[in-house]
Amino acid sequence: MSPASRASFVTCLGCGCACDDLTVQIADGRIADISPPCPVGRAWFGDGRVPGRILRGGAEVALEAALADAAETLAGARGGVLVLLAPDLSTQGQRAALAVADLLCATVDTATSGPAAAGLLAAQRRGRAAATLGEVRNRADVLLFWGVDPGPRYPRFLSRYALDPVGTHVTRGRAGRTVISVDIGRDRGPAGAESALVLAPDQEIAALSVMRAVALGNALGELPPALQAAADAAARLTTAAYAVLVHDGEPGEEPGRDAYRAEGLIALEYLGDETVTVAAGTFECHKFRYSDEDAGFVSKDGAHPTYDVWVTADEDSIFVKGGVGGYMQTWYELVELER
Ligand code: SF4
């Protein structure tokens with residue numbers, strides 16, 4: 001049995017908090033615990049054991065045979081090669097994999113790019129405003145948690161950055177910060193917020209559109225309660241000295257959320273209310289526009305024309321009419337409705 005020891009100032013990559021102040025206790029050559037305690041960090045460190053199985057075609061093989069097989073496959077590759085970095089790979093393993101990729105002029109991808117792809121692609125098309133964790137700690141006076149509770153997802157976020165710490169511009173710590181918590185189906189915001197919104201998954205994009213409209217200073221008509229709460233939250237954000245919107249870049253617990261909500265956050269626009277007559281009758285409607293001014297969906301003819309959509313101005317948000325002009329010239333409308 002080897003003696004117990006400890007390593008100080010260890011960095012954890014278990015979540016985006018990137019804590020670099022951990023003490024890791026080691027016993028019998030294995031990681032025994034970490035402090036300060038963090039369940040996500042503890043799971044991320046595991047016991048420090050590096051996975052040791054070597055498989056080829058699902059069957060265990062000797063290292064030499066696997067290496068020879070991999071080298072032969074790579075050397076004989078025709079066309080593009082993709083090197084996929086697996087989860088739980090050591091830093092040294094990643095470095096070696098990238099060196100191989102360089103030699104082969106290969107494309108490199110990771111196992112985590114899929115879940116985060118929608119947000120990454122939206123950021124590429126539209127741009128994204130971000131903040132350092134230091135700015136959050138020192139400046140954030142209004143924080144909106146959009147369908148994420150940092151307690152289970154980023155356990156030390158609240159104690160290290162916000163809400164609890166005193167910041168250079170938030171000298172009263174938690175008492176100087178306002179929290180807006182948004183539940184979206186099963187993806188819950190934090191408890192104890194100054195205000196809370198509860199949205200069904202299919203209300204998420206509409207709520208984001210309303211908030212964008214408020215931020216742009218557009219006048220809104222009467223809204224259903226959930227969307228009015230979203231409008232109120234946006235109004236509070238616009239009065240902040242430093243507003244921070246915290247959301248998850250990867251899928252949460254709620255399966256019904258729109259995979260392209262990151263795009264919706266920055267491309268949808270609420271244009272106000274209109275009375276619309278179609279074959280199915282006359283309806284009071286909210287009008288939304290899905291714009292593509294930056295040519296995110298560019299075609300050979302340039303930017304995609306804007307989509308205009310009218311939905312009933314009630315809790316049901318029934319599609320009444322909508323379509324896209326320009327070179328698309330495609331329109332739909334409601335011809336019959338039974339309630
Ligand atoms: S909050 Fe926990 S999981 Fe996240 S980086 Fe810090 S110790 Fe690791």
# chains A, B, ... in the order shown; residues from 1 in each chain; ligands from 1
>>> residues_around(residues="A:Ile318", least_positions_apart="3", cutoff="10 Å", atoms="only C-alpha atoms", output="PyMOL selection string")
chain A and resi 283+285+310-315+321+334+337
>>> write_last_selection(atoms="N, CA and C atoms", output="mmCIF file, in the first residue's frame")
data_model
loop_
_atom_site.group_PDB
_atom_site.id
_atom_site.type_symbol
_atom_site.label_atom_id
_atom_site.label_comp_id
_atom_site.auth_asym_id
_atom_site.auth_seq_id
_atom_site.Cartn_x
_atom_site.Cartn_y
_atom_site.Cartn_z
ATOM 1 N N PHE A 283 -58.451 36.159 -37.434
ATOM 2 C CA PHE A 283 -57.740 35.860 -36.185
ATOM 3 C C PHE A 283 -56.878 37.052 -35.778
ATOM 4 N N CYS A 285 -53.467 38.002 -34.437
ATOM 5 C CA CYS A 285 -52.222 37.238 -34.582
ATOM 6 C C CYS A 285 -51.004 37.997 -34.067
ATOM 7 N N TRP A 310 -47.499 34.275 -39.117
ATOM 8 C CA TRP A 310 -48.528 34.806 -38.221
ATOM 9 C C TRP A 310 -49.091 33.633 -37.420
ATOM 10 N N VAL A 311 -49.132 33.753 -36.112
ATOM 11 C CA VAL A 311 -49.721 32.714 -35.256
ATOM 12 C C VAL A 311 -50.758 33.375 -34.356
ATOM 13 N N THR A 312 -51.753 32.589 -33.944
ATOM 14 C CA THR A 312 -52.820 33.162 -33.115
ATOM 15 C C THR A 312 -52.252 33.749 -31.828
ATOM 16 N N ALA A 313 -52.801 34.889 -31.455
ATOM 17 C CA ALA A 313 -52.298 35.610 -30.267
ATOM 18 C C ALA A 313 -52.961 35.064 -29.012
ATOM 19 N N ASP A 314 -52.868 33.756 -28.822
ATOM 20 C CA ASP A 314 -53.408 33.138 -27.618
ATOM 21 C C ASP A 314 -52.443 32.055 -27.165
ATOM 22 N N GLU A 315 -52.844 31.287 -26.164
ATOM 23 C CA GLU A 315 -51.951 30.273 -25.619
ATOM 24 C C GLU A 315 -51.628 29.174 -26.624
ATOM 25 N N LYS A 321 -50.972 31.948 -41.048
ATOM 26 C CA LYS A 321 -50.416 31.999 -42.405
ATOM 27 C C LYS A 321 -48.932 32.305 -42.305
ATOM 28 N N LEU A 334 -54.004 28.870 -43.172
ATOM 29 C CA LEU A 334 -54.935 27.960 -42.514
ATOM 30 C C LEU A 334 -56.271 27.996 -43.253
ATOM 31 N N LEU A 337 -60.346 25.273 -39.305
ATOM 32 C CA LEU A 337 -59.929 25.100 -37.904
ATOM 33 C C LEU A 337 -61.138 24.672 -37.075
#
>>> residues_near_ligand(ligand="ligand 1", cutoff="10 Å", atoms="only C-alpha atoms and all ligand atoms", output="PyMOL selection string")
chain A and resi 10-22+34-45+150-160
>>> atom_distance(atom1="atom CA of A:Gly147", atom2="atom CA of A:His247")
6.6 Å
>>> select_by_dssp(residues="stretch 29-161 of chain A", states="helix (DSSP H, G or I)", output="PyMOL selection string")
chain A and resi 39-45+63-75+91-104+113-126+133-139+150-153+157-160
>>> write_last_selection(atoms="C-alpha atoms", output="PDB file, in the first residue's frame")
ATOM      1  CA  PRO A  39     -19.784  16.024  -7.516  1.00  0.00           C
ATOM      2  CA  VAL A  40     -19.262  16.858 -11.196  1.00  0.00           C
ATOM      3  CA  GLY A  41     -15.539  17.359 -10.665  1.00  0.00           C
ATOM      4  CA  ARG A  42     -15.272  14.149  -8.648  1.00  0.00           C
ATOM      5  CA  ALA A  43     -16.896  12.196 -11.468  1.00  0.00           C
ATOM      6  CA  TRP A  44     -14.656  13.880 -14.039  1.00  0.00           C
ATOM      7  CA  PHE A  45     -11.441  12.943 -12.202  1.00  0.00           C
ATOM      8  CA  LEU A  63      -1.269  -3.327 -28.654  1.00  0.00           C
ATOM      9  CA  GLU A  64       1.245  -4.212 -31.401  1.00  0.00           C
ATOM     10  CA  ALA A  65      -1.451  -5.736 -33.591  1.00  0.00           C
ATOM     11  CA  ALA A  66      -3.765  -2.758 -33.120  1.00  0.00           C
ATOM     12  CA  LEU A  67      -0.999  -0.286 -33.927  1.00  0.00           C
ATOM     13  CA  ALA A  68       0.033  -2.188 -37.052  1.00  0.00           C
ATOM     14  CA  ASP A  69      -3.567  -2.352 -38.195  1.00  0.00           C
ATOM     15  CA  ALA A  70      -4.175   1.364 -37.579  1.00  0.00           C
ATOM     16  CA  ALA A  71      -0.962   2.348 -39.369  1.00  0.00           C
ATOM     17  CA  GLU A  72      -1.857   0.205 -42.350  1.00  0.00           C
ATOM     18  CA  THR A  73      -5.379   1.657 -42.540  1.00  0.00           C
ATOM     19  CA  LEU A  74      -4.170   5.240 -42.308  1.00  0.00           C
ATOM     20  CA  ALA A  75      -1.280   4.804 -44.725  1.00  0.00           C
ATOM     21  CA  THR A  91      -3.647  15.461 -22.977  1.00  0.00           C
ATOM     22  CA  GLN A  92      -0.696  13.430 -24.202  1.00  0.00           C
ATOM     23  CA  GLY A  93      -3.035  11.246 -26.253  1.00  0.00           C
ATOM     24  CA  GLN A  94      -4.649  14.286 -27.876  1.00  0.00           C
ATOM     25  CA  ARG A  95      -1.240  15.698 -28.714  1.00  0.00           C
ATOM     26  CA  ALA A  96      -0.171  12.463 -30.400  1.00  0.00           C
ATOM     27  CA  ALA A  97      -3.464  12.212 -32.312  1.00  0.00           C
ATOM     28  CA  LEU A  98      -3.075  15.759 -33.617  1.00  0.00           C
ATOM     29  CA  ALA A  99       0.488  15.013 -34.702  1.00  0.00           C
ATOM     30  CA  VAL A 100      -0.804  12.032 -36.710  1.00  0.00           C
ATOM     31  CA  ALA A 101      -3.557  14.222 -38.177  1.00  0.00           C
ATOM     32  CA  ASP A 102      -0.967  16.820 -39.206  1.00  0.00           C
ATOM     33  CA  LEU A 103       1.082  14.174 -41.006  1.00  0.00           C
ATOM     34  CA  LEU A 104      -1.998  12.947 -42.888  1.00  0.00           C
ATOM     35  CA  SER A 113     -18.765  18.825 -31.331  1.00  0.00           C
ATOM     36  CA  GLY A 114     -22.076  17.184 -32.285  1.00  0.00           C
ATOM     37  CA  PRO A 115     -24.048  18.162 -29.172  1.00  0.00           C
ATOM     38  CA  ALA A 116     -22.658  21.700 -29.260  1.00  0.00           C
ATOM     39  CA  ALA A 117     -22.867  22.128 -33.030  1.00  0.00           C
ATOM     40  CA  ALA A 118     -26.091  24.176 -33.216  1.00  0.00           C
ATOM     41  CA  GLY A 119     -24.696  26.924 -30.991  1.00  0.00           C
ATOM     42  CA  LEU A 120     -21.278  26.884 -32.638  1.00  0.00           C
ATOM     43  CA  LEU A 121     -22.720  27.186 -36.144  1.00  0.00           C
ATOM     44  CA  ALA A 122     -25.090  29.956 -35.074  1.00  0.00           C
ATOM     45  CA  ALA A 123     -22.127  31.824 -33.603  1.00  0.00           C
ATOM     46  CA  GLN A 124     -20.206  31.400 -36.850  1.00  0.00           C
ATOM     47  CA  ARG A 125     -23.089  32.834 -38.855  1.00  0.00           C
ATOM     48  CA  ARG A 126     -24.201  35.599 -36.519  1.00  0.00           C
ATOM     49  CA  LEU A 133     -15.851  34.589 -15.857  1.00  0.00           C
ATOM     50  CA  GLY A 134     -13.975  37.492 -14.263  1.00  0.00           C
ATOM     51  CA  GLU A 135     -16.394  39.952 -15.836  1.00  0.00           C
ATOM     52  CA  VAL A 136     -19.313  37.889 -14.569  1.00  0.00           C
ATOM     53  CA  ARG A 137     -17.891  37.900 -11.065  1.00  0.00           C
ATOM     54  CA  ASN A 138     -16.957  41.565 -10.970  1.00  0.00           C
ATOM     55  CA  ARG A 139     -19.677  43.230 -13.027  1.00  0.00           C
ATOM     56  CA  PRO A 150     -25.832  25.919 -12.282  1.00  0.00           C
ATOM     57  CA  GLY A 151     -26.221  23.881  -9.068  1.00  0.00           C
ATOM     58  CA  PRO A 152     -26.082  20.468 -10.751  1.00  0.00           C
ATOM     59  CA  ARG A 153     -24.463  21.565 -14.048  1.00  0.00           C
ATOM     60  CA  PHE A 157     -20.336  28.715 -10.541  1.00  0.00           C
ATOM     61  CA  LEU A 158     -22.500  30.420  -7.917  1.00  0.00           C
ATOM     62  CA  SER A 159     -19.817  30.478  -5.230  1.00  0.00           C
ATOM     63  CA  ARG A 160     -16.856  31.339  -7.466  1.00  0.00           C
TER      64      ARG A 160
END
>>> closest_residue(among="A:Leu55, A:Val198, A:Ala140, A:Val309", to="A:Gly323", atoms="only C-alpha atoms")
A:Val309
>>> select_by_dssp(residues="stretch 135-336 of chain A", states="strand (DSSP E)", output="ChimeraX atom specification")
/A:142-146,178-184,195-199,243-247,268-278,281-290,307-312,319-324,330-333
>>> residues_around(residues="A:Leu223", least_positions_apart="4", cutoff="10 Å", atoms="only C-alpha atoms", output="PyMOL selection string")
chain A and resi 210+227-231+272-273+286+313-315
>>> write_last_selection(atoms="N, CA and C atoms", output="mmCIF file, in the first residue's frame")
data_model
loop_
_atom_site.group_PDB
_atom_site.id
_atom_site.type_symbol
_atom_site.label_atom_id
_atom_site.label_comp_id
_atom_site.auth_asym_id
_atom_site.auth_seq_id
_atom_site.Cartn_x
_atom_site.Cartn_y
_atom_site.Cartn_z
ATOM 1 N N VAL A 210 -39.891 37.630 -28.442
ATOM 2 C CA VAL A 210 -40.462 38.744 -27.678
ATOM 3 C C VAL A 210 -39.351 39.499 -26.949
ATOM 4 N N LEU A 227 -45.488 34.859 -22.363
ATOM 5 C CA LEU A 227 -44.697 35.764 -23.207
ATOM 6 C C LEU A 227 -44.587 37.146 -22.572
ATOM 7 N N GLN A 228 -45.625 37.558 -21.828
ATOM 8 C CA GLN A 228 -45.527 38.838 -21.119
ATOM 9 C C GLN A 228 -44.422 38.757 -20.057
ATOM 10 N N ALA A 229 -44.320 37.607 -19.408
ATOM 11 C CA ALA A 229 -43.239 37.440 -18.416
ATOM 12 C C ALA A 229 -41.881 37.519 -19.100
ATOM 13 N N ALA A 230 -41.784 36.961 -20.311
ATOM 14 C CA ALA A 230 -40.528 37.066 -21.061
ATOM 15 C C ALA A 230 -40.241 38.524 -21.415
ATOM 16 N N ALA A 231 -41.278 39.265 -21.789
ATOM 17 C CA ALA A 231 -41.093 40.689 -22.106
ATOM 18 C C ALA A 231 -40.625 41.458 -20.864
ATOM 19 N N GLY A 272 -45.025 42.484 -33.941
ATOM 20 C CA GLY A 272 -46.242 43.106 -33.431
ATOM 21 C C GLY A 272 -47.469 42.284 -33.761
ATOM 22 N N ASP A 273 -48.634 42.864 -33.508
ATOM 23 C CA ASP A 273 -49.893 42.140 -33.685
ATOM 24 C C ASP A 273 -50.646 42.641 -34.922
ATOM 25 N N HIS A 286 -50.003 37.241 -33.599
ATOM 26 C CA HIS A 286 -48.644 37.754 -33.447
ATOM 27 C C HIS A 286 -47.918 37.508 -34.769
ATOM 28 N N ALA A 313 -52.801 34.889 -31.455
ATOM 29 C CA ALA A 313 -52.298 35.610 -30.267
ATOM 30 C C ALA A 313 -52.961 35.064 -29.012
ATOM 31 N N ASP A 314 -52.868 33.756 -28.822
ATOM 32 C CA ASP A 314 -53.408 33.138 -27.618
ATOM 33 C C ASP A 314 -52.443 32.055 -27.165
ATOM 34 N N GLU A 315 -52.844 31.287 -26.164
ATOM 35 C CA GLU A 315 -51.951 30.273 -25.619
ATOM 36 C C GLU A 315 -51.628 29.174 -26.624
#
>>> residues_around(residues="stretch 234-236 of chain A", least_positions_apart="6", cutoff="8 Å", atoms="only C-alpha atoms", output="mmCIF file with N, CA and C atoms, in the first residue's frame")
data_model
loop_
_atom_site.group_PDB
_atom_site.id
_atom_site.type_symbol
_atom_site.label_atom_id
_atom_site.label_comp_id
_atom_site.auth_asym_id
_atom_site.auth_seq_id
_atom_site.Cartn_x
_atom_site.Cartn_y
_atom_site.Cartn_z
ATOM 1 N N MET A 211 -38.429 38.768 -26.369
ATOM 2 C CA MET A 211 -37.342 39.429 -25.632
ATOM 3 C C MET A 211 -36.467 40.255 -26.574
ATOM 4 N N ARG A 212 -36.244 39.713 -27.745
ATOM 5 C CA ARG A 212 -35.449 40.473 -28.721
ATOM 6 C C ARG A 212 -36.173 41.755 -29.115
ATOM 7 N N VAL A 214 -38.286 43.454 -27.333
ATOM 8 C CA VAL A 214 -38.188 44.413 -26.221
ATOM 9 C C VAL A 214 -36.815 45.068 -26.212
ATOM 10 N N ALA A 215 -35.783 44.249 -26.405
ATOM 11 C CA ALA A 215 -34.424 44.806 -26.397
ATOM 12 C C ALA A 215 -34.232 45.818 -27.523
#
>>> closest_residue(among="A:Ala200, A:Ala280, A:Leu143, A:Val50", to="A:Gly185", atoms="only C-alpha atoms")
A:Ala200
>>> closest_residue(among="A:Glu274, A:Asp316, A:Val246, A:Tyr307", to="A:Tyr332", atoms="only C-alpha atoms")
A:Tyr307
>>> atom_distance(atom1="atom CA of A:Arg53", atom2="atom CA of A:Arg78")
28.5 Å
>>> atom_distance(atom1="atom CA of A:Ala111", atom2="atom CA of A:Asp202")
28.4 Å
>>> closest_residue(among="A:Asp141, A:Glu338, A:Glu253, A:Glu194", to="A:Thr238", atoms="only C-alpha atoms")
A:Asp141
>>> closest_residue(among="A:Thr110, A:Thr282, A:Thr306, A:Ser195", to="A:Glu333", atoms="only C-alpha atoms")
A:Thr282
>>> residues_around(residues="A:Tyr270", least_positions_apart="6", cutoff="7 Å", atoms="only C-alpha atoms", output="MDAnalysis selection string")
chainID A and resid 209:210 213 287:289
>>> write_last_selection(atoms="C-alpha atoms", output="PDB file, in the first residue's frame")
ATOM      1  CA  SER A 209     -38.463  36.642 -30.123  1.00  0.00           C
ATOM      2  CA  VAL A 210     -40.462  38.744 -27.678  1.00  0.00           C
ATOM      3  CA  ALA A 213     -38.274  42.814 -29.682  1.00  0.00           C
ATOM      4  CA  LYS A 287     -46.370  38.309 -36.421  1.00  0.00           C
ATOM      5  CA  PHE A 288     -42.818  36.972 -36.439  1.00  0.00           C
ATOM      6  CA  ARG A 289     -40.050  37.322 -38.987  1.00  0.00           C
TER       7      ARG A 289
END
>>> decode(residues="stretch 177-205 of chain A", atoms="C-alpha atoms", output="PDB file, in the first residue's frame")
ATOM      1  CA  ARG A 177     -27.493  40.986  -8.027  1.00  0.00           C
ATOM      2  CA  THR A 178     -30.895  40.239  -9.544  1.00  0.00           C
ATOM      3  CA  VAL A 179     -31.570  36.706 -10.754  1.00  0.00           C
ATOM      4  CA  ILE A 180     -34.117  35.760 -13.421  1.00  0.00           C
ATOM      5  CA  SER A 181     -34.721  32.031 -13.632  1.00  0.00           C
ATOM      6  CA  VAL A 182     -36.293  30.463 -16.723  1.00  0.00           C
ATOM      7  CA  ASP A 183     -37.717  26.921 -16.758  1.00  0.00           C
ATOM      8  CA  ILE A 184     -38.183  25.357 -20.177  1.00  0.00           C
ATOM      9  CA  GLY A 185     -39.997  22.081 -19.724  1.00  0.00           C
ATOM     10  CA  ARG A 186     -37.707  19.788 -17.733  1.00  0.00           C
ATOM     11  CA  ASP A 187     -34.731  22.144 -18.079  1.00  0.00           C
ATOM     12  CA  ARG A 188     -35.057  24.152 -14.882  1.00  0.00           C
ATOM     13  CA  GLY A 189     -33.462  27.419 -13.855  1.00  0.00           C
ATOM     14  CA  PRO A 190     -32.137  27.951 -10.316  1.00  0.00           C
ATOM     15  CA  ALA A 191     -34.354  28.277  -7.253  1.00  0.00           C
ATOM     16  CA  GLY A 192     -34.391  31.452  -5.175  1.00  0.00           C
ATOM     17  CA  ALA A 193     -34.527  33.869  -8.109  1.00  0.00           C
ATOM     18  CA  GLU A 194     -36.062  37.339  -7.865  1.00  0.00           C
ATOM     19  CA  SER A 195     -38.290  36.472 -10.819  1.00  0.00           C
ATOM     20  CA  ALA A 196     -39.077  33.225 -12.575  1.00  0.00           C
ATOM     21  CA  LEU A 197     -40.543  32.284 -15.954  1.00  0.00           C
ATOM     22  CA  VAL A 198     -42.051  28.930 -16.801  1.00  0.00           C
ATOM     23  CA  LEU A 199     -42.144  28.121 -20.507  1.00  0.00           C
ATOM     24  CA  ALA A 200     -43.321  25.071 -22.396  1.00  0.00           C
ATOM     25  CA  PRO A 201     -40.691  23.856 -24.875  1.00  0.00           C
ATOM     26  CA  ASP A 202     -42.750  25.089 -27.819  1.00  0.00           C
ATOM     27  CA  GLN A 203     -42.896  28.592 -26.320  1.00  0.00           C
ATOM     28  CA  GLU A 204     -39.116  28.990 -26.189  1.00  0.00           C
ATOM     29  CA  ILE A 205     -38.544  30.510 -29.617  1.00  0.00           C
TER      30      ILE A 205
END
